[in-house]
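Here is the structure we will look at, set down as structure tokens.
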Amino acid sequence: MELRELKYFIAVANEGSISKAAESLYITQPSLSRQMQNLEREIGKQLFIRGNKKITLTEAGELLKKRAEEMLALYDKTQAEISAPTESVYGEVYIGGGESYAISVVAQAAKKLLETCCGVRFNFFSGDTIDVCEKLDKGLIDFAVLVEPADLSKYEYLRLPQKDTWGVLMRKDSALAQKEFVTPQDLHGLPLIRSKHAINSNELSDWFGGEDYNIVATYNLLYNASILVKEGIGYAVGLDGIINTTGDSELTFRPLKPALETTLAVAWKKHQVFSKAAEKFLDVLSSLVSQNN
């Protein structure tokens, strides 16, 4: 299986058509068809369902597409790191993380590095803890910004000084919006939208008192949950500072009482071999964290 074949396969999967993929790749349609047939024979499974108007992927095809994208991303990342000039700090830094206002210190470190190293470029990936850790484990990103609680045992990490505040995102016209804080009793019987990552968090479960609540939906990213809140589906339990609730916004945020805060950590693989750009970024970030502690 060659990288070229994987690139061709992804093009066919994205286009849903051999002819359109061949046109975008600047090769002939018969040549591309032969290569896809050879790929199926090599793998030993059917990858495509060939319809009259559109080609779709089989289950094996979907899996190959995901793995092919990961392999090509890792290849591009490795190639960029190796080809970067050795005499200066140059290259790309890959960072993944969830939504948090406390990630601002990461942004400050990125800005500071860019001011002195114009040959550095940052690539940010947003996702939940599972997605981010998967990319970190596979070497697709250099750093993961993890909202705790998170399993940090297999990583090196730097705990950030900032903390996030838990609360409830709600419509401004809701009765609960008249309160300054939200208590566990306030949420009894209300339709709740909870973070998929934090739903089993010991700290959050302790705050709720271990009782059953009416969870109508879960979310990975709070922006999506905010749309559900706007539509009146429920109340989203999440972190402050992520969704804009000022001005003409239909939404407002109320902190939990007793107060509940969470910390963040920037994690990387143990024995990680960094590019010069990633290594310099970690130096700058470590210095900023030390200054804020």
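Following the order of the structure tokens, first chain is A, next is B, and so on, with residues numbered from 1 inside each chain and ligands from 1 in the order they appear.
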Practice item. Fewer than 3 positions away in the same chain doesn't count, so skip those; otherwise give me all residues within 12 Å of Glu134 in chain A, counting only C-alpha atoms, as number ranges by chain. Key: A: 70, 96-97, 127-131, 137-144, 268-269
Next, dump the selected residues to file, keeping only N, CA and C atoms, as an mmCIF file, in the first residue's frame.
```
data_model
loop_
_atom_site.group_PDB
_atom_site.id
_atom_site.type_symbol
_atom_site.label_atom_id
_atom_site.label_comp_id
_atom_site.auth_asym_id
_atom_site.auth_seq_id
_atom_site.Cartn_x
_atom_site.Cartn_y
_atom_site.Cartn_z
ATOM 1 N N GLU A 70 -5.102 9.742 8.746
ATOM 2 C CA GLU A 70 -4.153 9.841 9.860
ATOM 3 C C GLU A 70 -2.720 9.607 9.379
ATOM 4 N N GLY A 96 -3.932 20.300 20.240
ATOM 5 C CA GLY A 96 -5.332 19.916 20.287
ATOM 6 C C GLY A 96 -5.899 20.200 21.667
ATOM 7 N N GLY A 97 -7.187 20.506 21.734
ATOM 8 C CA GLY A 97 -7.773 20.784 23.040
ATOM 9 C C GLY A 97 -9.262 20.979 22.984
ATOM 10 N N GLY A 127 -11.562 19.464 19.950
ATOM 11 C CA GLY A 127 -12.260 18.200 20.121
ATOM 12 C C GLY A 127 -12.373 17.851 21.584
ATOM 13 N N ASP A 128 -13.095 16.785 21.875
ATOM 14 C CA ASP A 128 -13.211 16.376 23.265
ATOM 15 C C ASP A 128 -11.964 15.608 23.689
ATOM 16 N N THR A 129 -11.916 15.206 24.947
ATOM 17 C CA THR A 129 -10.715 14.566 25.499
ATOM 18 C C THR A 129 -10.342 13.300 24.742
ATOM 19 N N ILE A 130 -11.341 12.492 24.384
ATOM 20 C CA ILE A 130 -11.062 11.232 23.688
ATOM 21 C C ILE A 130 -10.410 11.490 22.337
ATOM 22 N N ASP A 131 -10.976 12.422 21.570
ATOM 23 C CA ASP A 131 -10.435 12.734 20.241
ATOM 24 C C ASP A 131 -9.021 13.299 20.336
ATOM 25 N N ASP A 137 -1.692 10.384 21.041
ATOM 26 C CA ASP A 137 -1.084 9.055 21.107
ATOM 27 C C ASP A 137 -0.544 8.611 19.749
ATOM 28 N N LYS A 138 -1.184 9.053 18.677
ATOM 29 C CA LYS A 138 -0.764 8.662 17.335
ATOM 30 C C LYS A 138 0.280 9.601 16.739
ATOM 31 N N GLY A 139 0.656 10.623 17.501
ATOM 32 C CA GLY A 139 1.683 11.539 17.015
ATOM 33 C C GLY A 139 1.183 12.572 16.037
ATOM 34 N N LEU A 140 -0.144 12.746 15.943
ATOM 35 C CA LEU A 140 -0.711 13.696 14.998
ATOM 36 C C LEU A 140 -0.695 15.120 15.543
ATOM 37 N N ILE A 141 -0.584 15.267 16.860
ATOM 38 C CA ILE A 141 -0.416 16.577 17.471
ATOM 39 C C ILE A 141 0.742 16.499 18.465
ATOM 40 N N ASP A 142 1.312 17.651 18.767
ATOM 41 C CA ASP A 142 2.440 17.705 19.702
ATOM 42 C C ASP A 142 1.969 17.827 21.149
ATOM 43 N N PHE A 143 0.900 18.604 21.334
ATOM 44 C CA PHE A 143 0.422 18.894 22.680
ATOM 45 C C PHE A 143 -1.099 18.749 22.736
ATOM 46 N N ALA A 144 -1.581 18.329 23.900
ATOM 47 C CA ALA A 144 -3.015 18.246 24.151
ATOM 48 C C ALA A 144 -3.343 19.092 25.364
ATOM 49 N N TRP A 268 1.968 16.060 26.834
ATOM 50 C CA TRP A 268 2.673 15.551 25.661
ATOM 51 C C TRP A 268 3.181 14.151 25.969
ATOM 52 N N LYS A 269 3.503 13.400 24.935
ATOM 53 C CA LYS A 269 3.931 12.011 25.109
ATOM 54 C C LYS A 269 5.270 11.938 25.832
#
```
At a cut-off of 12 Å, can you tabulate as JSON lines every residue of range 187-290 of chain A near range 152-155 of chain A together with its closest atom pair and the distance in Å to one decimal, using only C-alpha atoms and ordering rows by chain then number?
```
{"residue": "A:Leu264", "atom": "CA", "partner": "A:Leu152", "partner_atom": "CA", "distance": 11.0}
{"residue": "A:Ala265", "atom": "CA", "partner": "A:Leu152", "partner_atom": "CA", "distance": 8.7}
{"residue": "A:Val266", "atom": "CA", "partner": "A:Tyr155", "partner_atom": "CA", "distance": 9.6}
{"residue": "A:Ala267", "atom": "CA", "partner": "A:Tyr155", "partner_atom": "CA", "distance": 6.0}
{"residue": "A:Trp268", "atom": "CA", "partner": "A:Tyr155", "partner_atom": "CA", "distance": 5.6}
{"residue": "A:Lys269", "atom": "CA", "partner": "A:Tyr155", "partner_atom": "CA", "distance": 5.0}
{"residue": "A:Lys270", "atom": "CA", "partner": "A:Tyr155", "partner_atom": "CA", "distance": 5.3}
{"residue": "A:His271", "atom": "CA", "partner": "A:Tyr155", "partner_atom": "CA", "distance": 9.1}
{"residue": "A:Gln272", "atom": "CA", "partner": "A:Tyr155", "partner_atom": "CA", "distance": 9.6}
```
Could you write out the selected residues, including all heavy atoms, as a compact mmCIF listing (two decimals), in the first residue's frame?
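Contents of the output file part21.txt:
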```txt
# COMPACT_ATOMS: atom_id res chain seq x y z
N LEU A 264 -6.65 22.94 34.02
CA LEU A 264 -6.24 22.41 32.73
C LEU A 264 -4.78 22.02 32.77
O LEU A 264 -4.00 22.55 33.56
CB LEU A 264 -6.44 23.44 31.62
CG LEU A 264 -7.85 23.60 31.06
CD1 LEU A 264 -8.65 24.54 31.93
CD2 LEU A 264 -7.82 24.10 29.63
N ALA A 265 -4.42 21.09 31.93
CA ALA A 265 -3.02 20.68 31.81
C ALA A 265 -2.66 20.55 30.34
O ALA A 265 -3.48 20.08 29.52
CB ALA A 265 -2.79 19.34 32.52
N VAL A 266 -1.48 20.98 29.99
CA VAL A 266 -0.94 20.77 28.65
C VAL A 266 -0.08 19.51 28.71
O VAL A 266 0.89 19.44 29.46
CB VAL A 266 -0.09 21.97 28.19
CG1 VAL A 266 0.54 21.67 26.83
CG2 VAL A 266 -0.95 23.22 28.11
N ALA A 267 -0.47 18.49 27.95
CA ALA A 267 0.19 17.18 28.03
C ALA A 267 0.91 16.87 26.73
O ALA A 267 0.53 17.33 25.65
CB ALA A 267 -0.84 16.10 28.33
N TRP A 268 1.97 16.06 26.83
CA TRP A 268 2.67 15.55 25.66
C TRP A 268 3.18 14.15 25.97
O TRP A 268 3.27 13.74 27.13
CB TRP A 268 3.81 16.49 25.25
CG TRP A 268 4.85 16.73 26.31
CD1 TRP A 268 6.04 16.07 26.47
CD2 TRP A 268 4.81 17.71 27.37
NE1 TRP A 268 6.74 16.57 27.54
CE2 TRP A 268 6.01 17.56 28.12
CE3 TRP A 268 3.88 18.68 27.75
CZ2 TRP A 268 6.28 18.36 29.22
CZ3 TRP A 268 4.16 19.46 28.86
CH2 TRP A 268 5.35 19.31 29.57
N LYS A 269 3.50 13.40 24.94
CA LYS A 269 3.93 12.01 25.11
C LYS A 269 5.27 11.94 25.83
O LYS A 269 6.14 12.78 25.62
CB LYS A 269 4.04 11.31 23.74
CG LYS A 269 2.71 11.11 23.04
CD LYS A 269 2.88 10.66 21.60
CE LYS A 269 3.50 9.28 21.52
NZ LYS A 269 3.59 8.80 20.13
N LYS A 270 5.39 10.93 26.68
CA LYS A 270 6.68 10.71 27.35
C LYS A 270 7.74 10.34 26.31
O LYS A 270 7.46 9.63 25.34
CB LYS A 270 6.54 9.60 28.38
CG LYS A 270 5.69 9.99 29.59
CD LYS A 270 5.64 8.89 30.62
CE LYS A 270 4.83 9.32 31.85
NZ LYS A 270 4.75 8.27 32.88
N HIS A 271 8.93 10.85 26.50
CA HIS A 271 10.06 10.59 25.59
C HIS A 271 9.78 11.15 24.19
O HIS A 271 10.31 10.65 23.20
CB HIS A 271 10.39 9.10 25.51
CG HIS A 271 10.47 8.42 26.84
ND1 HIS A 271 11.40 8.75 27.79
CD2 HIS A 271 9.70 7.42 27.38
CE1 HIS A 271 11.22 7.99 28.86
NE2 HIS A 271 10.20 7.18 28.63
N GLN A 272 8.96 12.18 24.14
CA GLN A 272 8.61 12.80 22.85
C GLN A 272 9.83 13.50 22.24
O GLN A 272 10.56 14.21 22.95
CB GLN A 272 7.49 13.82 23.06
CG GLN A 272 7.17 14.67 21.85
CD GLN A 272 6.37 13.90 20.81
OE1 GLN A 272 5.79 12.87 21.11
NE2 GLN A 272 6.36 14.38 19.59
```
Output as a short mmCIF file (atom, residue, chain, number, x, y, z; two decimals) with C-alpha atoms, in the first residue's frame all residues of range 210-248 of chain A that backbone DSSP marks as strand (DSSP E or B).
```
data_model
loop_
_atom_site.label_atom_id
_atom_site.label_comp_id
_atom_site.auth_asym_id
_atom_site.auth_seq_id
_atom_site.Cartn_x
_atom_site.Cartn_y
_atom_site.Cartn_z
CA ILE A 215 -30.42 14.53 31.21
CA VAL A 216 -32.02 15.04 27.79
CA ALA A 217 -28.81 15.45 25.75
CA THR A 218 -25.02 15.32 25.94
CA TYR A 219 -22.42 17.35 24.06
CA TYR A 235 -30.11 23.88 30.40
CA ALA A 236 -26.44 23.22 29.56
CA VAL A 237 -24.04 22.48 32.41
CA GLY A 238 -20.64 23.69 31.25
CA LEU A 239 -17.72 26.07 31.70
#
```
Check your understanding: Near Leu3 in chain A, counting only C-alpha atoms, which residues have an atom at most 10 Å away, once you skip same-chain residues fewer than 6 positions from it, shown as number ranges by chain?
Key -> A: 9, 68, 71-72, 75
For the residues in that selection, give me all heavy atoms as a PDB file, in the first residue's frame.
```pdb
ATOM      1  N   PHE A   9      -7.258   7.159  -3.056  1.00  0.00           N
ATOM      2  CA  PHE A   9      -8.430   6.576  -2.415  1.00  0.00           C
ATOM      3  C   PHE A   9      -9.243   7.653  -1.692  1.00  0.00           C
ATOM      4  O   PHE A   9     -10.482   7.700  -1.798  1.00  0.00           O
ATOM      5  CB  PHE A   9      -8.004   5.495  -1.426  1.00  0.00           C
ATOM      6  CG  PHE A   9      -9.095   5.035  -0.509  1.00  0.00           C
ATOM      7  CD1 PHE A   9     -10.106   4.204  -0.967  1.00  0.00           C
ATOM      8  CD2 PHE A   9      -9.117   5.434   0.826  1.00  0.00           C
ATOM      9  CE1 PHE A   9     -11.125   3.789  -0.128  1.00  0.00           C
ATOM     10  CE2 PHE A   9     -10.122   5.029   1.669  1.00  0.00           C
ATOM     11  CZ  PHE A   9     -11.126   4.202   1.191  1.00  0.00           C
ATOM     12  N   ALA A  68      -6.169   6.245   6.635  1.00  0.00           N
ATOM     13  CA  ALA A  68      -5.376   6.859   5.570  1.00  0.00           C
ATOM     14  C   ALA A  68      -5.162   8.339   5.841  1.00  0.00           C
ATOM     15  O   ALA A  68      -4.064   8.874   5.645  1.00  0.00           O
ATOM     16  CB  ALA A  68      -6.059   6.653   4.219  1.00  0.00           C
ATOM     17  N   MET A  71      -2.531   8.586   8.528  1.00  0.00           N
ATOM     18  CA  MET A  71      -1.192   8.276   8.030  1.00  0.00           C
ATOM     19  C   MET A  71      -0.632   9.413   7.182  1.00  0.00           C
ATOM     20  O   MET A  71       0.546   9.784   7.316  1.00  0.00           O
ATOM     21  CB  MET A  71      -1.221   6.968   7.234  1.00  0.00           C
ATOM     22  CG  MET A  71      -1.333   5.724   8.098  1.00  0.00           C
ATOM     23  SD  MET A  71      -1.151   4.176   7.166  1.00  0.00           S
ATOM     24  CE  MET A  71      -2.783   4.045   6.432  1.00  0.00           C
ATOM     25  N   LEU A  72      -1.469   9.985   6.331  1.00  0.00           N
ATOM     26  CA  LEU A  72      -1.004  11.070   5.482  1.00  0.00           C
ATOM     27  C   LEU A  72      -0.717  12.323   6.294  1.00  0.00           C
ATOM     28  O   LEU A  72       0.240  13.057   6.005  1.00  0.00           O
ATOM     29  CB  LEU A  72      -2.051  11.365   4.397  1.00  0.00           C
ATOM     30  CG  LEU A  72      -2.210  10.274   3.334  1.00  0.00           C
ATOM     31  CD1 LEU A  72      -3.398  10.571   2.432  1.00  0.00           C
ATOM     32  CD2 LEU A  72      -0.941  10.131   2.506  1.00  0.00           C
ATOM     33  N   TYR A  75       2.554  11.727   7.946  1.00  0.00           N
ATOM     34  CA  TYR A  75       3.616  11.826   6.939  1.00  0.00           C
ATOM     35  C   TYR A  75       3.941  13.296   6.649  1.00  0.00           C
ATOM     36  O   TYR A  75       5.114  13.693   6.622  1.00  0.00           O
ATOM     37  CB  TYR A  75       3.185  11.118   5.658  1.00  0.00           C
ATOM     38  CG  TYR A  75       4.134  11.320   4.502  1.00  0.00           C
ATOM     39  CD1 TYR A  75       5.310  10.585   4.392  1.00  0.00           C
ATOM     40  CD2 TYR A  75       3.860  12.274   3.514  1.00  0.00           C
ATOM     41  CE1 TYR A  75       6.189  10.782   3.339  1.00  0.00           C
ATOM     42  CE2 TYR A  75       4.729  12.477   2.461  1.00  0.00           C
ATOM     43  CZ  TYR A  75       5.892  11.726   2.375  1.00  0.00           C
ATOM     44  OH  TYR A  75       6.760  11.938   1.328  1.00  0.00           O
TER      45      TYR A  75
END
```
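Here CA of Lys112 in chain A is placed at a distance of 26.4 Å from CA of Thr165 in chain A.
The neighbours of range 52-61 of chain A here are the residues that come within 7 Å of it, using only C-alpha atoms and leaving out any residue fewer than 4 positions away in the same chain; they are Ala13, Gly16, Ser17, Gln46, Leu47, Phe48 and Lys65 of chain A.
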Exercise for review: Could you find all residues in range 29-265 of chain A that DSSP calls helix (DSSP H, G or I) from the backbone, and write them as an MDAnalysis selection string?
Suggested key: chainID A and resid 29:43 59:83 101:116 129:137 175:178 184:187 202:208 222:230
Would you write out those residues with C-alpha atoms, as a PDB file, in the first residue's frame?
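Okay, this is what ended up in part_24.pdb:
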```pdb
ATOM      1  CA  GLN A  29     -10.295   7.658 -15.218  1.00  0.00           C
ATOM      2  CA  PRO A  30      -9.264   4.116 -16.352  1.00  0.00           C
ATOM      3  CA  SER A  31      -5.923   4.467 -14.550  1.00  0.00           C
ATOM      4  CA  LEU A  32      -7.616   5.545 -11.321  1.00  0.00           C
ATOM      5  CA  SER A  33     -10.171   2.733 -11.572  1.00  0.00           C
ATOM      6  CA  ARG A  34      -7.401   0.145 -11.962  1.00  0.00           C
ATOM      7  CA  GLN A  35      -5.522   1.498  -8.966  1.00  0.00           C
ATOM      8  CA  MET A  36      -8.657   1.369  -6.768  1.00  0.00           C
ATOM      9  CA  GLN A  37      -9.321  -2.212  -7.893  1.00  0.00           C
ATOM     10  CA  ASN A  38      -5.711  -3.119  -7.080  1.00  0.00           C
ATOM     11  CA  LEU A  39      -6.108  -1.532  -3.653  1.00  0.00           C
ATOM     12  CA  GLU A  40      -9.212  -3.624  -2.953  1.00  0.00           C
ATOM     13  CA  ARG A  41      -7.391  -6.792  -4.030  1.00  0.00           C
ATOM     14  CA  GLU A  42      -4.404  -5.908  -1.842  1.00  0.00           C
ATOM     15  CA  ILE A  43      -6.595  -5.335   1.199  1.00  0.00           C
ATOM     16  CA  GLU A  59     -17.559  -0.261   6.449  1.00  0.00           C
ATOM     17  CA  ALA A  60     -14.019  -1.361   5.543  1.00  0.00           C
ATOM     18  CA  GLY A  61     -13.733   1.671   3.277  1.00  0.00           C
ATOM     19  CA  GLU A  62     -14.753   4.048   6.067  1.00  0.00           C
ATOM     20  CA  LEU A  63     -12.116   2.551   8.355  1.00  0.00           C
ATOM     21  CA  LEU A  64      -9.437   2.786   5.679  1.00  0.00           C
ATOM     22  CA  LYS A  65     -10.360   6.421   4.993  1.00  0.00           C
ATOM     23  CA  LYS A  66      -9.919   7.344   8.644  1.00  0.00           C
ATOM     24  CA  ARG A  67      -6.588   5.525   8.925  1.00  0.00           C
ATOM     25  CA  ALA A  68      -5.376   6.859   5.570  1.00  0.00           C
ATOM     26  CA  GLU A  69      -6.073  10.433   6.633  1.00  0.00           C
ATOM     27  CA  GLU A  70      -4.153   9.841   9.860  1.00  0.00           C
ATOM     28  CA  MET A  71      -1.192   8.276   8.030  1.00  0.00           C
ATOM     29  CA  LEU A  72      -1.004  11.070   5.482  1.00  0.00           C
ATOM     30  CA  ALA A  73      -1.293  13.736   8.192  1.00  0.00           C
ATOM     31  CA  LEU A  74       1.543  12.102  10.128  1.00  0.00           C
ATOM     32  CA  TYR A  75       3.616  11.826   6.939  1.00  0.00           C
ATOM     33  CA  ASP A  76       3.116  15.525   6.150  1.00  0.00           C
ATOM     34  CA  LYS A  77       3.928  16.499   9.747  1.00  0.00           C
ATOM     35  CA  THR A  78       7.101  14.383   9.753  1.00  0.00           C
ATOM     36  CA  GLN A  79       8.205  15.656   6.356  1.00  0.00           C
ATOM     37  CA  ALA A  80       7.726  19.277   7.465  1.00  0.00           C
ATOM     38  CA  GLU A  81       9.754  18.713  10.642  1.00  0.00           C
ATOM     39  CA  ILE A  82      12.627  17.008   8.825  1.00  0.00           C
ATOM     40  CA  SER A  83      12.807  19.591   6.048  1.00  0.00           C
ATOM     41  CA  TYR A 101     -11.315  30.168  28.474  1.00  0.00           C
ATOM     42  CA  ALA A 102      -8.219  29.134  30.429  1.00  0.00           C
ATOM     43  CA  ILE A 103      -6.528  28.141  27.167  1.00  0.00           C
ATOM     44  CA  SER A 104      -5.657  31.842  26.870  1.00  0.00           C
ATOM     45  CA  VAL A 105      -2.215  31.169  28.398  1.00  0.00           C
ATOM     46  CA  VAL A 106      -1.521  28.805  25.497  1.00  0.00           C
ATOM     47  CA  ALA A 107      -2.504  31.588  23.109  1.00  0.00           C
ATOM     48  CA  GLN A 108      -0.191  33.990  24.954  1.00  0.00           C
ATOM     49  CA  ALA A 109       2.720  31.576  24.566  1.00  0.00           C
ATOM     50  CA  ALA A 110       1.948  31.155  20.868  1.00  0.00           C
ATOM     51  CA  LYS A 111       1.845  34.925  20.372  1.00  0.00           C
ATOM     52  CA  LYS A 112       5.132  35.420  22.212  1.00  0.00           C
ATOM     53  CA  LEU A 113       6.871  32.788  20.097  1.00  0.00           C
ATOM     54  CA  LEU A 114       5.498  34.243  16.857  1.00  0.00           C
ATOM     55  CA  GLU A 115       6.874  37.658  17.794  1.00  0.00           C
ATOM     56  CA  THR A 116      10.432  36.286  17.802  1.00  0.00           C
ATOM     57  CA  THR A 129     -10.715  14.566  25.499  1.00  0.00           C
ATOM     58  CA  ILE A 130     -11.062  11.232  23.688  1.00  0.00           C
ATOM     59  CA  ASP A 131     -10.435  12.734  20.241  1.00  0.00           C
ATOM     60  CA  VAL A 132      -7.543  14.879  21.421  1.00  0.00           C
ATOM     61  CA  CYS A 133      -5.792  12.067  23.316  1.00  0.00           C
ATOM     62  CA  GLU A 134      -6.178   9.748  20.326  1.00  0.00           C
ATOM     63  CA  LYS A 135      -4.400  12.253  18.103  1.00  0.00           C
ATOM     64  CA  LEU A 136      -1.709  12.795  20.719  1.00  0.00           C
ATOM     65  CA  ASP A 137      -1.084   9.055  21.107  1.00  0.00           C
ATOM     66  CA  ALA A 175     -36.986  31.581  35.599  1.00  0.00           C
ATOM     67  CA  LEU A 176     -33.587  30.290  36.688  1.00  0.00           C
ATOM     68  CA  ALA A 177     -31.933  33.338  35.114  1.00  0.00           C
ATOM     69  CA  GLN A 178     -33.298  35.472  37.951  1.00  0.00           C
ATOM     70  CA  PRO A 184     -28.384  21.237  42.890  1.00  0.00           C
ATOM     71  CA  GLN A 185     -31.965  21.701  44.115  1.00  0.00           C
ATOM     72  CA  ASP A 186     -32.610  24.324  41.411  1.00  0.00           C
ATOM     73  CA  LEU A 187     -31.923  21.745  38.690  1.00  0.00           C
ATOM     74  CA  ASN A 202     -16.371  12.524  40.374  1.00  0.00           C
ATOM     75  CA  GLU A 203     -16.297  16.228  41.210  1.00  0.00           C
ATOM     76  CA  LEU A 204     -19.393  17.007  39.169  1.00  0.00           C
ATOM     77  CA  SER A 205     -21.204  13.895  40.386  1.00  0.00           C
ATOM     78  CA  ASP A 206     -20.415  14.877  43.975  1.00  0.00           C
ATOM     79  CA  TRP A 207     -21.817  18.351  43.348  1.00  0.00           C
ATOM     80  CA  PHE A 208     -25.041  16.832  42.038  1.00  0.00           C
ATOM     81  CA  LEU A 222     -20.376  23.697  24.301  1.00  0.00           C
ATOM     82  CA  TYR A 223     -21.141  25.713  21.158  1.00  0.00           C
ATOM     83  CA  ASN A 224     -23.383  22.905  19.936  1.00  0.00           C
ATOM     84  CA  ALA A 225     -25.044  22.744  23.346  1.00  0.00           C
ATOM     85  CA  SER A 226     -25.676  26.499  23.210  1.00  0.00           C
ATOM     86  CA  ILE A 227     -27.781  26.002  20.078  1.00  0.00           C
ATOM     87  CA  LEU A 228     -29.900  23.446  21.935  1.00  0.00           C
ATOM     88  CA  VAL A 229     -30.309  25.910  24.801  1.00  0.00           C
ATOM     89  CA  LYS A 230     -31.396  28.675  22.419  1.00  0.00           C
TER      90      LYS A 230
END
```
Review point. Which residues come within 10 Å of Leu256 in chain A, counting only C-alpha atoms, excluding same-chain residues fewer than 2 positions away, as number ranges by chain?
Key: A: 165-168, 180-184, 207, 237-238, 253-254, 258-261
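Across the structure, CA of His188 in chain A and CA of Ile242 in chain A are spaced 24.8 Å apart.
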